Amino acid sequence: MSDRPAAKRLPFTLPRLGLGTAPLGGLFEDVSEEDAAATLNAAAEGGMSYVDTAPRYGHGLAERRLGRLLPSSGGAAPVISTKTGWLLRPRPDGSPGEVITDWTERGIRESLESSLARLGRSCVDILYLHDPDDYPDEIRRTAYPAVRRLREEGLVKAIGFGMNHSAPLASYVAEFEVDVVLVAGRLSLLDHEALSELLPLCARAGTSVVVGGVFNTGLLADPTPGAMFNYRPAPAATLERARQCRALCDAYEVPLPAAAIQFPLLHSAVDSVVLGCRSAAEVTANVAAARFPIPDELWQRLAKAGFVPEQLLEERVG
């Protein structure tokens, strides 16, 4: 395979900033219908014109809210991605029940059909195979061929994988024709895992990259005692590292969240950053942070401290 970047496989351009809807599904704490509507309206007004969701976000709640509330948010229709590979099984009384894996073609289709019904749409822009870490045989045998057929049938415009680890994503990009990947938590100021193999491979294959988890579950938004790091309480050494990063940003009067959001976009393979928001205030703050001017000197200081790989700055200058 050539080292030259290939033309992008996606049939459309991804917005640079997207809204992640796990919080609207009740991740960590409940969000009211009113706050969910305000969040979506603020995202539309702020230019977050890519919306990522999944059936597992609140056992379908995030998708149902998008179906109810997105039409009233105004503006051009956003790019929408959802995920598949897991089926929701409610209890007889209709309350949330089990979430089961199903990587068969029948299961993949049932998942998408249910998502489309909740979203009130006839198709989605992107369909990700969601967290297939432990199912490589099923992905190769049934799941990937199934989503490829869905793309051929026009029920989805693009297909990909959404995962929290970069190594299996890289293996799928190497093996299949993948339009786009969503990698969460592995390309941040504190975690550079995706840089070594996944991003160069995506660049050569023409696979678009969406980055989520840029705050590593909150630590890089507010590195205070009790902050979460990758869904667990941050270890003392990691908390201290995040506080050192914030101190460098403070010296240049740059908010730490601004550097955290803009960091992945230094890499040419990254098309979009998705940010989970649970309120209009969070949307407004994140949009402002994404647009905050960051001086080159700060990036250089962050690189010297190990928060930004030197290669990114070399590519940026070149």
# chains A, B, ... in the order shown; residues from 1 in each chain; ligands from 1

$ select_by_dssp --residues "region 129-199 of chain A" --states "alpha helix (DSSP H)" --output "list in words"
Pro136, Asp137, Glu138, Tyr144, Pro145, Ala146, Val147, Arg148, Arg149, Leu150, Arg151, Glu152, Ser166, Ala167, Pro168, Leu169, Ala170, Ser171, Tyr172, Val173, Ala174, Glu175, Glu193, Ala194, Leu195, Ser196, Leu198 and Leu199 of chain A

$ select_by_dssp --residues "region 28-276 of chain A" --states "strand (DSSP E)" --output "JSON, numbers by chain"
{"A": [50, 51, 52, 79, 80, 81, 82, 83, 84, 86, 87, 88, 89, 98, 99, 100, 101, 124, 125, 126, 127, 128, 129, 130, 156, 157, 158, 159, 160, 161, 162, 163, 180, 181, 182, 183, 184, 208, 209, 210, 211, 212, 228, 229, 232, 233, 270, 271, 272, 273, 274, 275, 276]}

$ residues_around --residues "Ala38 (chain A)" --least-positions-apart "5" --cutoff "10 Å" --atoms "only C-alpha atoms" --output "PyMOL selection string"
chain A and resi 32-33+43-44+69+73+278-281+283

$ write_last_selection --atoms "C-alpha atoms" --output "CSV table (one decimal), in the first residue's frame"
chain,number,residue,atom,x,y,z
A,32,SER,CA,-34.8,16.1,31.1
A,33,GLU,CA,-36.7,16.3,27.8
A,43,ALA,CA,-25.8,22.3,18.8
A,44,ALA,CA,-27.7,23.3,15.6
A,69,LEU,CA,-36.6,16.8,18.8
A,73,SER,CA,-33.9,22.3,15.9
A,278,ARG,CA,-26.0,17.1,28.2
A,279,SER,CA,-27.0,20.8,28.2
A,280,ALA,CA,-27.1,23.9,26.0
A,281,ALA,CA,-24.5,25.4,28.3
A,283,VAL,CA,-22.7,22.9,23.9

$ residues_around --residues "region 151-157 of chain A" --least-positions-apart "3" --cutoff "8 Å" --atoms "only C-alpha atoms" --output "list of chain:residue names"
A:Pro11, A:Ser122, A:Cys123, A:Val124, A:Asp125, A:Ile126, A:Leu127, A:Val147, A:Arg148

$ decode --residues "region 225-306 of chain A" --atoms "C-alpha atoms" --output "PDB file, in the first residue's frame"
ATOM      1  CA  PRO A 225      -9.802  15.410  42.570  1.00  0.00           C
ATOM      2  CA  GLY A 226     -12.556  12.905  41.879  1.00  0.00           C
ATOM      3  CA  ALA A 227     -12.423  13.435  38.092  1.00  0.00           C
ATOM      4  CA  MET A 228     -13.022  10.410  35.893  1.00  0.00           C
ATOM      5  CA  PHE A 229     -10.462   8.997  33.462  1.00  0.00           C
ATOM      6  CA  ASN A 230     -11.678   6.428  30.922  1.00  0.00           C
ATOM      7  CA  TYR A 231     -14.830   5.719  32.947  1.00  0.00           C
ATOM      8  CA  ARG A 232     -12.979   5.202  36.255  1.00  0.00           C
ATOM      9  CA  PRO A 233     -11.690   7.538  38.966  1.00  0.00           C
ATOM     10  CA  ALA A 234      -8.445   9.048  37.698  1.00  0.00           C
ATOM     11  CA  PRO A 235      -5.270   7.607  39.275  1.00  0.00           C
ATOM     12  CA  ALA A 236      -3.243  10.165  41.205  1.00  0.00           C
ATOM     13  CA  ALA A 237      -0.399  10.183  38.656  1.00  0.00           C
ATOM     14  CA  THR A 238      -2.794  10.690  35.744  1.00  0.00           C
ATOM     15  CA  LEU A 239      -4.594  13.488  37.577  1.00  0.00           C
ATOM     16  CA  GLU A 240      -1.277  15.214  38.205  1.00  0.00           C
ATOM     17  CA  ARG A 241      -0.338  14.851  34.549  1.00  0.00           C
ATOM     18  CA  ALA A 242      -3.609  16.478  33.492  1.00  0.00           C
ATOM     19  CA  ARG A 243      -3.016  19.309  35.956  1.00  0.00           C
ATOM     20  CA  GLN A 244       0.436  19.897  34.455  1.00  0.00           C
ATOM     21  CA  CYS A 245      -1.198  20.131  31.042  1.00  0.00           C
ATOM     22  CA  ARG A 246      -3.713  22.641  32.365  1.00  0.00           C
ATOM     23  CA  ALA A 247      -0.915  24.721  33.904  1.00  0.00           C
ATOM     24  CA  LEU A 248       0.822  24.998  30.531  1.00  0.00           C
ATOM     25  CA  CYS A 249      -2.436  26.092  28.912  1.00  0.00           C
ATOM     26  CA  ASP A 250      -3.098  28.598  31.719  1.00  0.00           C
ATOM     27  CA  ALA A 251       0.289  30.198  31.066  1.00  0.00           C
ATOM     28  CA  TYR A 252      -0.996  31.143  27.599  1.00  0.00           C
ATOM     29  CA  GLU A 253      -4.498  31.972  28.812  1.00  0.00           C
ATOM     30  CA  VAL A 254      -5.911  29.076  26.813  1.00  0.00           C
ATOM     31  CA  PRO A 255      -8.611  26.913  28.423  1.00  0.00           C
ATOM     32  CA  LEU A 256      -7.559  23.286  28.757  1.00  0.00           C
ATOM     33  CA  PRO A 257     -10.756  22.072  26.997  1.00  0.00           C
ATOM     34  CA  ALA A 258      -9.802  24.167  23.943  1.00  0.00           C
ATOM     35  CA  ALA A 259      -6.481  22.350  23.592  1.00  0.00           C
ATOM     36  CA  ALA A 260      -8.150  18.988  24.266  1.00  0.00           C
ATOM     37  CA  ILE A 261     -10.772  19.506  21.548  1.00  0.00           C
ATOM     38  CA  GLN A 262      -8.412  20.911  18.943  1.00  0.00           C
ATOM     39  CA  PHE A 263      -5.553  18.460  19.509  1.00  0.00           C
ATOM     40  CA  PRO A 264      -6.912  15.545  17.398  1.00  0.00           C
ATOM     41  CA  LEU A 265      -7.567  17.896  14.490  1.00  0.00           C
ATOM     42  CA  LEU A 266      -3.830  18.532  14.208  1.00  0.00           C
ATOM     43  CA  HIS A 267      -3.653  15.183  12.390  1.00  0.00           C
ATOM     44  CA  SER A 268      -4.631  15.309   8.724  1.00  0.00           C
ATOM     45  CA  ALA A 269      -6.468  11.961   8.906  1.00  0.00           C
ATOM     46  CA  VAL A 270      -8.954  13.265  11.490  1.00  0.00           C
ATOM     47  CA  ASP A 271     -12.142  14.654   9.974  1.00  0.00           C
ATOM     48  CA  SER A 272     -14.308  15.289  13.020  1.00  0.00           C
ATOM     49  CA  VAL A 273     -14.352  15.466  16.813  1.00  0.00           C
ATOM     50  CA  VAL A 274     -17.506  14.328  18.600  1.00  0.00           C
ATOM     51  CA  LEU A 275     -18.321  15.814  22.007  1.00  0.00           C
ATOM     52  CA  GLY A 276     -20.903  14.420  24.392  1.00  0.00           C
ATOM     53  CA  CYS A 277     -23.072  17.218  25.817  1.00  0.00           C
ATOM     54  CA  ARG A 278     -26.009  17.134  28.220  1.00  0.00           C
ATOM     55  CA  SER A 279     -27.040  20.797  28.207  1.00  0.00           C
ATOM     56  CA  ALA A 280     -27.130  23.888  26.036  1.00  0.00           C
ATOM     57  CA  ALA A 281     -24.492  25.438  28.300  1.00  0.00           C
ATOM     58  CA  GLU A 282     -22.103  22.550  27.632  1.00  0.00           C
ATOM     59  CA  VAL A 283     -22.672  22.873  23.884  1.00  0.00           C
ATOM     60  CA  THR A 284     -21.984  26.617  23.990  1.00  0.00           C
ATOM     61  CA  ALA A 285     -18.820  26.132  26.044  1.00  0.00           C
ATOM     62  CA  ASN A 286     -17.501  23.371  23.785  1.00  0.00           C
ATOM     63  CA  VAL A 287     -18.215  25.272  20.582  1.00  0.00           C
ATOM     64  CA  ALA A 288     -16.363  28.283  22.011  1.00  0.00           C
ATOM     65  CA  ALA A 289     -13.456  26.052  23.056  1.00  0.00           C
ATOM     66  CA  ALA A 290     -13.276  24.512  19.578  1.00  0.00           C
ATOM     67  CA  ARG A 291     -12.893  27.993  18.099  1.00  0.00           C
ATOM     68  CA  PHE A 292     -10.531  29.410  20.727  1.00  0.00           C
ATOM     69  CA  PRO A 293      -7.257  30.615  19.135  1.00  0.00           C
ATOM     70  CA  ILE A 294      -4.274  28.567  20.278  1.00  0.00           C
ATOM     71  CA  PRO A 295      -0.810  30.023  19.635  1.00  0.00           C
ATOM     72  CA  ASP A 296       1.800  27.838  17.984  1.00  0.00           C
ATOM     73  CA  GLU A 297       4.079  28.437  20.937  1.00  0.00           C
ATOM     74  CA  LEU A 298       1.653  26.634  23.240  1.00  0.00           C
ATOM     75  CA  TRP A 299       1.547  23.611  20.944  1.00  0.00           C
ATOM     76  CA  GLN A 300       5.348  23.607  21.020  1.00  0.00           C
ATOM     77  CA  ARG A 301       5.379  23.754  24.825  1.00  0.00           C
ATOM     78  CA  LEU A 302       2.836  20.926  25.012  1.00  0.00           C
ATOM     79  CA  ALA A 303       4.990  18.901  22.636  1.00  0.00           C
ATOM     80  CA  LYS A 304       8.095  19.380  24.769  1.00  0.00           C
ATOM     81  CA  ALA A 305       6.116  18.197  27.791  1.00  0.00           C
ATOM     82  CA  GLY A 306       4.971  15.072  25.935  1.00  0.00           C
TER      83      GLY A 306
END
